[in-house]
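The data block below is work23.json; it holds JSON, C-alpha atoms.
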```
[["chain", "number", "residue", "atom", "x", "y", "z"],
["A", 1, "GLN", "CA", 79.03, 132.64, -55.51],
["A", 2, "TYR", "CA", 79.55, 135.57, -53.15],
["A", 3, "GLU", "CA", 77.18, 138.00, -51.53],
["A", 4, "ARG", "CA", 78.10, 140.91, -49.31],
["A", 5, "MET", "CA", 75.79, 143.39, -47.65],
["A", 6, "GLY", "CA", 76.71, 147.04, -48.20],
["A", 7, "ASP", "CA", 77.48, 147.72, -44.55],
["A", 8, "MET", "CA", 79.43, 144.46, -44.11],
["A", 9, "SER", "CA", 77.05, 143.24, -41.41],
["A", 10, "GLU", "CA", 76.56, 139.98, -43.32],
["A", 11, "ILE", "CA", 78.54, 137.89, -45.77],
["A", 12, "THR", "CA", 77.61, 134.67, -47.58],
["A", 13, "PHE", "CA", 79.99, 132.59, -49.64],
["A", 14, "ARG", "CA", 80.36, 129.10, -51.05],
["A", 15, "VAL", "CA", 83.36, 126.77, -50.77],
["A", 16, "PRO", "CA", 83.05, 124.41, -53.74],
["A", 17, "GLY", "CA", 84.36, 120.86, -53.70],
["A", 18, "PRO", "CA", 84.46, 118.13, -51.10],
["A", 19, "PRO", "CA", 84.57, 119.38, -47.49],
["A", 20, "GLN", "CA", 87.56, 118.41, -45.38],
["A", 21, "ASN", "CA", 87.00, 117.67, -41.72],
["A", 22, "TRP", "CA", 89.35, 119.13, -39.12],
["A", 23, "GLU", "CA", 92.13, 116.77, -38.13],
["A", 24, "ARG", "CA", 94.25, 116.93, -35.00],
["A", 25, "ALA", "CA", 97.89, 117.74, -35.76],
["A", 26, "ARG", "CA", 100.23, 114.79, -35.34],
["A", 27, "THR", "CA", 103.43, 115.11, -33.38],
["A", 28, "ASP", "CA", 106.79, 113.39, -33.31],
["A", 29, "GLY", "CA", 107.40, 114.53, -29.75],
["A", 30, "THR", "CA", 108.87, 117.92, -30.60],
["A", 31, "ARG", "CA", 107.17, 119.10, -33.81],
["A", 32, "HIS", "CA", 103.53, 119.21, -34.91],
["A", 33, "PHE", "CA", 102.46, 118.12, -38.39],
["A", 34, "THR", "CA", 99.21, 119.01, -40.15],
["A", 35, "SER", "CA", 98.14, 116.83, -43.09],
["A", 36, "LYS", "CA", 98.54, 118.20, -46.61],
["A", 37, "ALA", "CA", 94.80, 117.73, -47.18],
["A", 38, "SER", "CA", 94.00, 119.90, -44.13],
["A", 39, "ARG", "CA", 96.47, 122.60, -45.14],
["A", 40, "ASP", "CA", 95.15, 122.65, -48.72],
["A", 41, "TYR", "CA", 91.53, 122.85, -47.58],
["A", 42, "LYS", "CA", 92.31, 125.72, -45.20],
["A", 43, "ARG", "CA", 93.95, 127.64, -48.08],
["A", 44, "HIS", "CA", 90.90, 126.93, -50.28],
["A", 45, "VAL", "CA", 88.45, 128.20, -47.63],
["A", 46, "ARG", "CA", 90.60, 131.29, -46.99],
["A", 47, "ALA", "CA", 90.70, 132.07, -50.73],
["A", 48, "CYS", "CA", 86.91, 131.78, -51.05],
["A", 49, "ALA", "CA", 86.35, 133.87, -47.92],
["A", 50, "GLY", "CA", 88.87, 136.48, -49.08],
["A", 51, "LEU", "CA", 87.09, 136.88, -52.42],
["A", 52, "ALA", "CA", 83.78, 137.34, -50.62],
["A", 53, "MET", "CA", 85.23, 139.97, -48.28],
["A", 54, "MET", "CA", 86.42, 142.01, -51.30],
["A", 55, "GLY", "CA", 89.24, 143.65, -49.35],
["A", 56, "ALA", "CA", 87.12, 144.61, -46.33],
["A", 57, "TYR", "CA", 88.55, 144.31, -42.84],
["A", 58, "PRO", "CA", 87.51, 141.29, -40.77],
["A", 59, "LEU", "CA", 84.40, 141.78, -38.63],
["A", 60, "ASN", "CA", 85.31, 142.83, -35.11],
["A", 61, "VAL", "CA", 81.89, 142.31, -33.47],
["A", 62, "ARG", "CA", 79.98, 139.36, -32.00],
["A", 63, "VAL", "CA", 78.81, 137.17, -34.89],
["A", 64, "GLY", "CA", 76.55, 134.30, -35.81],
["A", 65, "VAL", "CA", 77.53, 131.65, -38.36],
["A", 66, "ASP", "CA", 75.31, 129.35, -40.43],
["A", 67, "ILE", "CA", 77.07, 126.47, -42.20],
["A", 68, "ALA", "CA", 75.40, 124.10, -44.68],
["A", 69, "ILE", "CA", 77.61, 121.15, -45.66],
["A", 70, "THR", "CA", 76.97, 118.79, -48.59],
["A", 71, "TYR", "CA", 79.13, 115.67, -48.76],
["A", 72, "ALA", "CA", 79.63, 113.55, -51.89],
["A", 73, "ASP", "CA", 78.60, 110.30, -50.20],
["A", 74, "LYS", "CA", 76.64, 108.97, -47.24],
["A", 75, "ARG", "CA", 79.61, 108.02, -45.03],
["A", 76, "ARG", "CA", 79.24, 108.92, -41.38],
["A", 77, "ARG", "CA", 81.02, 112.13, -40.45],
["A", 78, "ASP", "CA", 80.98, 114.40, -37.43],
["A", 79, "LEU", "CA", 79.50, 117.75, -38.43],
["A", 80, "ASP", "CA", 81.37, 119.52, -35.64],
["A", 81, "ASN", "CA", 84.71, 118.54, -37.22],
["A", 82, "GLY", "CA", 83.57, 119.92, -40.57],
["A", 83, "ALA", "CA", 82.59, 123.17, -38.90],
["A", 84, "LYS", "CA", 85.87, 123.47, -36.96],
["A", 85, "ALA", "CA", 87.95, 123.32, -40.15],
["A", 86, "LEU", "CA", 85.89, 126.15, -41.67],
["A", 87, "LEU", "CA", 85.75, 128.32, -38.56],
["A", 88, "ASP", "CA", 89.50, 128.13, -38.00],
["A", 89, "ALA", "CA", 90.20, 128.96, -41.65],
["A", 90, "MET", "CA", 88.08, 132.14, -41.49],
["A", 91, "ASN", "CA", 90.15, 133.62, -38.62],
["A", 92, "GLY", "CA", 91.67, 136.93, -39.69],
["A", 93, "ILE", "CA", 89.69, 136.96, -42.97],
["A", 94, "VAL", "CA", 85.97, 137.12, -42.15],
["A", 95, "TYR", "CA", 86.28, 137.84, -38.43],
["A", 96, "VAL", "CA", 89.23, 138.63, -36.22],
["A", 97, "ASP", "CA", 88.94, 135.37, -34.25],
["A", 98, "ASP", "CA", 86.41, 132.55, -34.02],
["A", 99, "SER", "CA", 85.98, 133.32, -30.29],
["A", 100, "GLN", "CA", 83.63, 136.11, -31.52],
["A", 101, "ILE", "CA", 81.01, 133.50, -32.50],
["A", 102, "ASP", "CA", 78.01, 133.56, -30.15],
["A", 103, "ASP", "CA", 75.54, 131.72, -32.40],
["A", 104, "LEU", "CA", 76.46, 128.71, -34.55],
["A", 105, "ARG", "CA", 74.31, 126.47, -36.72],
["A", 106, "VAL", "CA", 75.76, 123.57, -38.71],
["A", 107, "ARG", "CA", 73.66, 121.27, -40.85],
["A", 108, "ARG", "CA", 74.07, 118.56, -43.46],
["A", 109, "VAL", "CA", 72.07, 119.31, -46.62],
["A", 110, "ALA", "CA", 71.43, 117.71, -49.99],
["A", 111, "GLY", "CA", 72.72, 119.40, -53.11],
["A", 112, "GLU", "CA", 75.95, 120.21, -54.90],
["A", 113, "VAL", "CA", 79.03, 119.08, -52.98],
["A", 114, "GLY", "CA", 80.58, 121.89, -50.99],
["A", 115, "VAL", "CA", 79.83, 124.26, -48.16],
["A", 116, "THR", "CA", 77.76, 127.42, -47.93],
["A", 117, "VAL", "CA", 78.73, 129.80, -45.13],
["A", 118, "ARG", "CA", 76.82, 132.81, -43.84],
["A", 119, "VAL", "CA", 78.42, 135.07, -41.21],
["A", 120, "TYR", "CA", 76.40, 137.92, -39.76],
["A", 121, "ALA", "CA", 76.81, 140.55, -37.07],
["A", 122, "LEU", "CA", 74.56, 139.90, -34.11],
["A", 123, "GLU", "CA", 72.03, 142.59, -33.33],
["A", 124, "GLY", "CA", 73.26, 145.16, -30.89],
["A", 125, "SER", "CA", 76.85, 143.98, -31.33],
["A", 126, "LYS", "CA", 79.54, 146.62, -31.30]]
```
Could you rewrite the structure in this file as structure tokens?
Amino acid sequence: QYERMGDMSEITFRVPGPPQNWERARTDGTRHFTSKASRDYKRHVRACAGLAMMGAYPLNVRVGVDIAITYADKRRRDLDNGAKALLDAMNGIVYVDDSQIDDLRVRRVAGEVGVTVRVYALEGSK
């Protein structure tokens, strides 16, 4: 499910399947290791975002992001870690860098398991 405004000021897309929270990379003292689950989820998010962008360049303006996350169970999870995994994965695809985000809303919702993401240019942003 993808929706793109004609002028690319707004994009909405869905990432189906169970969300994966951001995990800190482990280290052995010299090298950093990211879990396979984290790497796979990042690829999944990037693929969904890329389809929604339909070949358009990443937004290079100040943006707002709305994230609605639906988990499969009622276990306790930190919403900010779920958001971080998504925001990092969208770098270079939806926007140039997640430092462009000036407005962020993350919420847990009921419904089909997955994540719905809406990224929009902030008014007056150039």
Taking only C-alpha atoms into account, which of A:Gly124, A:Gly29, A:Pro19, A:Gly64 comes nearest Leu79 (chain A)?
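Of A:Gly124, A:Gly29, A:Pro19, A:Gly64, the one nearest Leu79 (chain A), counting only C-alpha atoms, is A:Pro19.
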With all atoms listed in the file as the counted atoms, please give the residues lying no more than 6 Å from region 85-90 of chain A, apart from itself and same-chain residues fewer than 3 positions off, as a list in words.
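Final neighbour list, sorted by chain and number: Asn21, Trp22, Lys42, Arg46, Gly82, Ile93 and Val94 of chain A.
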Contacts of region 50-59 of chain A at 10 Å or less, counting all atoms listed in the file, minus same-chain residues fewer than 3 places along, as a VMD selection string?
chain A and resid 1 to 4 8 to 14 44 to 47 62 to 63 90 to 97 100 119 to 121
Take CA of Val65 (chain A) and CA of Leu104 (chain A) and report the distance between them in Å, one decimal.
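According to the coordinates, CA of Val65 (chain A) and CA of Leu104 (chain A) are separated by 4.9 Å.
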Please identify all polymer residues within 7 Å of Ile67 (chain A), counting all atoms listed in the file, omitting same-chain residues fewer than 4 positions from it, and present them as an MDAnalysis selection string.
chainID A and resid 105:107 115:118
Output file for the residues above (C-alpha atoms, as a compact mmCIF listing (two decimals), in the frame of the given file):
```
# COMPACT_ATOMS: atom_id res chain seq x y z
CA ARG A 105 74.31 126.47 -36.72
CA VAL A 106 75.76 123.57 -38.71
CA ARG A 107 73.66 121.27 -40.85
CA VAL A 115 79.83 124.26 -48.16
CA THR A 116 77.76 127.42 -47.93
CA VAL A 117 78.73 129.80 -45.13
CA ARG A 118 76.82 132.81 -43.84
```
Ala72 (chain A) environment, 10 Å, all atoms listed in the file, sequence neighbours closer than 3 positions dropped, as an MDAnalysis selection string:
chainID A and resid 17:19 75 110:114
As a check of understanding: the span from CA of Leu122 (chain A) to CA of Val61 (chain A) is 7.7 Å
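With CA of Thr30 (chain A) on one side and CA of Ala83 (chain A) on the other, the separation reads 28.1 Å.
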Using only C-alpha atoms, which of the listed residues (A:Thr27, A:Ser99, A:Asn81, A:Thr34) sits closest to Ile69 (chain A)?
A:Asn81
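The shortest atom-to-atom distance to Lys36 (chain A), with all atoms listed in the file taken into account, belongs to A:Gln20 out of A:Gln20, A:Asp66, A:Asn60, A:Arg76.
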Considering all atoms listed in the file, can you say which of A:Val15, A:Ala37, A:Val109, A:Cys48 comes closest to Thr70 (chain A)?
A:Val109
As a PDB file, in the frame of the given file, the rebuilt region 33-44 of chain A with all heavy atoms:
```pdb
ATOM      1  N   PHE A  33     102.648 118.263 -36.953  1.00  0.00           N
ATOM      2  CA  PHE A  33     102.460 118.120 -38.390  1.00  0.00           C
ATOM      3  C   PHE A  33     100.972 118.129 -38.714  1.00  0.00           C
ATOM      4  O   PHE A  33     100.203 117.382 -38.124  1.00  0.00           O
ATOM      5  CB  PHE A  33     103.064 116.805 -38.889  1.00  0.00           C
ATOM      6  CG  PHE A  33     104.524 116.673 -38.622  1.00  0.00           C
ATOM      7  CD1 PHE A  33     104.972 116.031 -37.481  1.00  0.00           C
ATOM      8  CD2 PHE A  33     105.456 117.196 -39.501  1.00  0.00           C
ATOM      9  CE1 PHE A  33     106.325 115.919 -37.222  1.00  0.00           C
ATOM     10  CE2 PHE A  33     106.807 117.086 -39.249  1.00  0.00           C
ATOM     11  CZ  PHE A  33     107.247 116.443 -38.106  1.00  0.00           C
ATOM     12  N   THR A  34     100.582 118.978 -39.652  1.00  0.00           N
ATOM     13  CA  THR A  34      99.210 119.010 -40.150  1.00  0.00           C
ATOM     14  C   THR A  34      99.215 118.355 -41.514  1.00  0.00           C
ATOM     15  O   THR A  34     100.122 118.591 -42.323  1.00  0.00           O
ATOM     16  CB  THR A  34      98.712 120.470 -40.270  1.00  0.00           C
ATOM     17  OG1 THR A  34      98.863 121.093 -38.997  1.00  0.00           O
ATOM     18  CG2 THR A  34      97.277 120.534 -40.697  1.00  0.00           C
ATOM     19  N   SER A  35      98.189 117.544 -41.807  1.00  0.00           N
ATOM     20  CA  SER A  35      98.140 116.830 -43.090  1.00  0.00           C
ATOM     21  C   SER A  35      98.076 117.808 -44.254  1.00  0.00           C
ATOM     22  O   SER A  35      97.552 118.926 -44.124  1.00  0.00           O
ATOM     23  CB  SER A  35      96.952 115.878 -43.134  1.00  0.00           C
ATOM     24  OG  SER A  35      95.747 116.602 -43.282  1.00  0.00           O
ATOM     25  N   LYS A  36      98.579 117.381 -45.394  1.00  0.00           N
ATOM     26  CA  LYS A  36      98.540 118.200 -46.610  1.00  0.00           C
ATOM     27  C   LYS A  36      97.094 118.508 -46.987  1.00  0.00           C
ATOM     28  O   LYS A  36      96.774 119.628 -47.370  1.00  0.00           O
ATOM     29  CB  LYS A  36      99.264 117.502 -47.753  1.00  0.00           C
ATOM     30  CG  LYS A  36      99.267 118.320 -49.045  1.00  0.00           C
ATOM     31  CD  LYS A  36     100.057 117.652 -50.129  1.00  0.00           C
ATOM     32  CE  LYS A  36     100.095 118.371 -51.448  1.00  0.00           C
ATOM     33  NZ  LYS A  36      99.196 119.440 -51.714  1.00  0.00           N
ATOM     34  N   ALA A  37      96.210 117.521 -46.846  1.00  0.00           N
ATOM     35  CA  ALA A  37      94.800 117.730 -47.180  1.00  0.00           C
ATOM     36  C   ALA A  37      94.194 118.840 -46.313  1.00  0.00           C
ATOM     37  O   ALA A  37      93.458 119.699 -46.814  1.00  0.00           O
ATOM     38  CB  ALA A  37      94.013 116.437 -47.022  1.00  0.00           C
ATOM     39  N   SER A  38      94.505 118.855 -45.027  1.00  0.00           N
ATOM     40  CA  SER A  38      94.000 119.900 -44.130  1.00  0.00           C
ATOM     41  C   SER A  38      94.556 121.267 -44.486  1.00  0.00           C
ATOM     42  O   SER A  38      93.834 122.266 -44.505  1.00  0.00           O
ATOM     43  CB  SER A  38      94.334 119.568 -42.675  1.00  0.00           C
ATOM     44  OG  SER A  38      93.589 118.474 -42.234  1.00  0.00           O
ATOM     45  N   ARG A  39      95.848 121.324 -44.760  1.00  0.00           N
ATOM     46  CA  ARG A  39      96.470 122.600 -45.140  1.00  0.00           C
ATOM     47  C   ARG A  39      95.887 123.130 -46.442  1.00  0.00           C
ATOM     48  O   ARG A  39      95.579 124.319 -46.563  1.00  0.00           O
ATOM     49  CB  ARG A  39      97.986 122.441 -45.276  1.00  0.00           C
ATOM     50  CG  ARG A  39      98.722 122.270 -43.969  1.00  0.00           C
ATOM     51  CD  ARG A  39     100.240 122.378 -44.124  1.00  0.00           C
ATOM     52  NE  ARG A  39     100.797 121.678 -45.268  1.00  0.00           N
ATOM     53  CZ  ARG A  39     101.248 120.423 -45.251  1.00  0.00           C
ATOM     54  NH1 ARG A  39     101.194 119.714 -44.139  1.00  0.00           N
ATOM     55  NH2 ARG A  39     101.758 119.888 -46.334  1.00  0.00           N
ATOM     56  N   ASP A  40      95.708 122.244 -47.426  1.00  0.00           N
ATOM     57  CA  ASP A  40      95.150 122.650 -48.720  1.00  0.00           C
ATOM     58  C   ASP A  40      93.717 123.146 -48.573  1.00  0.00           C
ATOM     59  O   ASP A  40      93.329 124.141 -49.186  1.00  0.00           O
ATOM     60  CB  ASP A  40      95.200 121.500 -49.721  1.00  0.00           C
ATOM     61  CG  ASP A  40      96.615 121.177 -50.188  1.00  0.00           C
ATOM     62  OD1 ASP A  40      97.539 121.979 -49.921  1.00  0.00           O
ATOM     63  OD2 ASP A  40      96.789 120.104 -50.810  1.00  0.00           O
ATOM     64  N   TYR A  41      92.915 122.447 -47.760  1.00  0.00           N
ATOM     65  CA  TYR A  41      91.530 122.850 -47.580  1.00  0.00           C
ATOM     66  C   TYR A  41      91.448 124.210 -46.882  1.00  0.00           C
ATOM     67  O   TYR A  41      90.641 125.067 -47.257  1.00  0.00           O
ATOM     68  CB  TYR A  41      90.744 121.802 -46.799  1.00  0.00           C
ATOM     69  CG  TYR A  41      89.263 122.085 -46.777  1.00  0.00           C
ATOM     70  CD1 TYR A  41      88.512 122.044 -47.952  1.00  0.00           C
ATOM     71  CD2 TYR A  41      88.616 122.416 -45.598  1.00  0.00           C
ATOM     72  CE1 TYR A  41      87.158 122.321 -47.949  1.00  0.00           C
ATOM     73  CE2 TYR A  41      87.256 122.698 -45.581  1.00  0.00           C
ATOM     74  CZ  TYR A  41      86.533 122.643 -46.759  1.00  0.00           C
ATOM     75  OH  TYR A  41      85.189 122.922 -46.750  1.00  0.00           O
ATOM     76  N   LYS A  42      92.295 124.430 -45.897  1.00  0.00           N
ATOM     77  CA  LYS A  42      92.310 125.720 -45.200  1.00  0.00           C
ATOM     78  C   LYS A  42      92.637 126.849 -46.189  1.00  0.00           C
ATOM     79  O   LYS A  42      91.985 127.895 -46.175  1.00  0.00           O
ATOM     80  CB  LYS A  42      93.331 125.697 -44.064  1.00  0.00           C
ATOM     81  CG  LYS A  42      93.367 126.974 -43.266  1.00  0.00           C
ATOM     82  CD  LYS A  42      94.317 126.888 -42.095  1.00  0.00           C
ATOM     83  CE  LYS A  42      94.294 128.163 -41.282  1.00  0.00           C
ATOM     84  NZ  LYS A  42      95.155 128.080 -40.102  1.00  0.00           N
ATOM     85  N   ARG A  43      93.607 126.633 -47.067  1.00  0.00           N
ATOM     86  CA  ARG A  43      93.950 127.640 -48.080  1.00  0.00           C
ATOM     87  C   ARG A  43      92.761 127.894 -49.012  1.00  0.00           C
ATOM     88  O   ARG A  43      92.491 129.034 -49.391  1.00  0.00           O
ATOM     89  CB  ARG A  43      95.172 127.196 -48.884  1.00  0.00           C
ATOM     90  CG  ARG A  43      96.490 127.558 -48.241  1.00  0.00           C
ATOM     91  CD  ARG A  43      97.663 127.404 -49.203  1.00  0.00           C
ATOM     92  NE  ARG A  43      97.926 126.018 -49.510  1.00  0.00           N
ATOM     93  CZ  ARG A  43      98.710 125.208 -48.804  1.00  0.00           C
ATOM     94  NH1 ARG A  43      99.322 125.670 -47.739  1.00  0.00           N
ATOM     95  NH2 ARG A  43      98.899 123.962 -49.161  1.00  0.00           N
ATOM     96  N   HIS A  44      92.061 126.814 -49.389  1.00  0.00           N
ATOM     97  CA  HIS A  44      90.900 126.930 -50.280  1.00  0.00           C
ATOM     98  C   HIS A  44      89.793 127.756 -49.621  1.00  0.00           C
ATOM     99  O   HIS A  44      89.234 128.666 -50.234  1.00  0.00           O
ATOM    100  CB  HIS A  44      90.420 125.512 -50.641  1.00  0.00           C
ATOM    101  CG  HIS A  44      89.249 125.453 -51.557  1.00  0.00           C
ATOM    102  ND1 HIS A  44      89.194 126.120 -52.764  1.00  0.00           N
ATOM    103  CD2 HIS A  44      88.065 124.793 -51.448  1.00  0.00           C
ATOM    104  CE1 HIS A  44      88.040 125.869 -53.356  1.00  0.00           C
ATOM    105  NE2 HIS A  44      87.329 125.078 -52.570  1.00  0.00           N
TER     106      HIS A  44
END
```
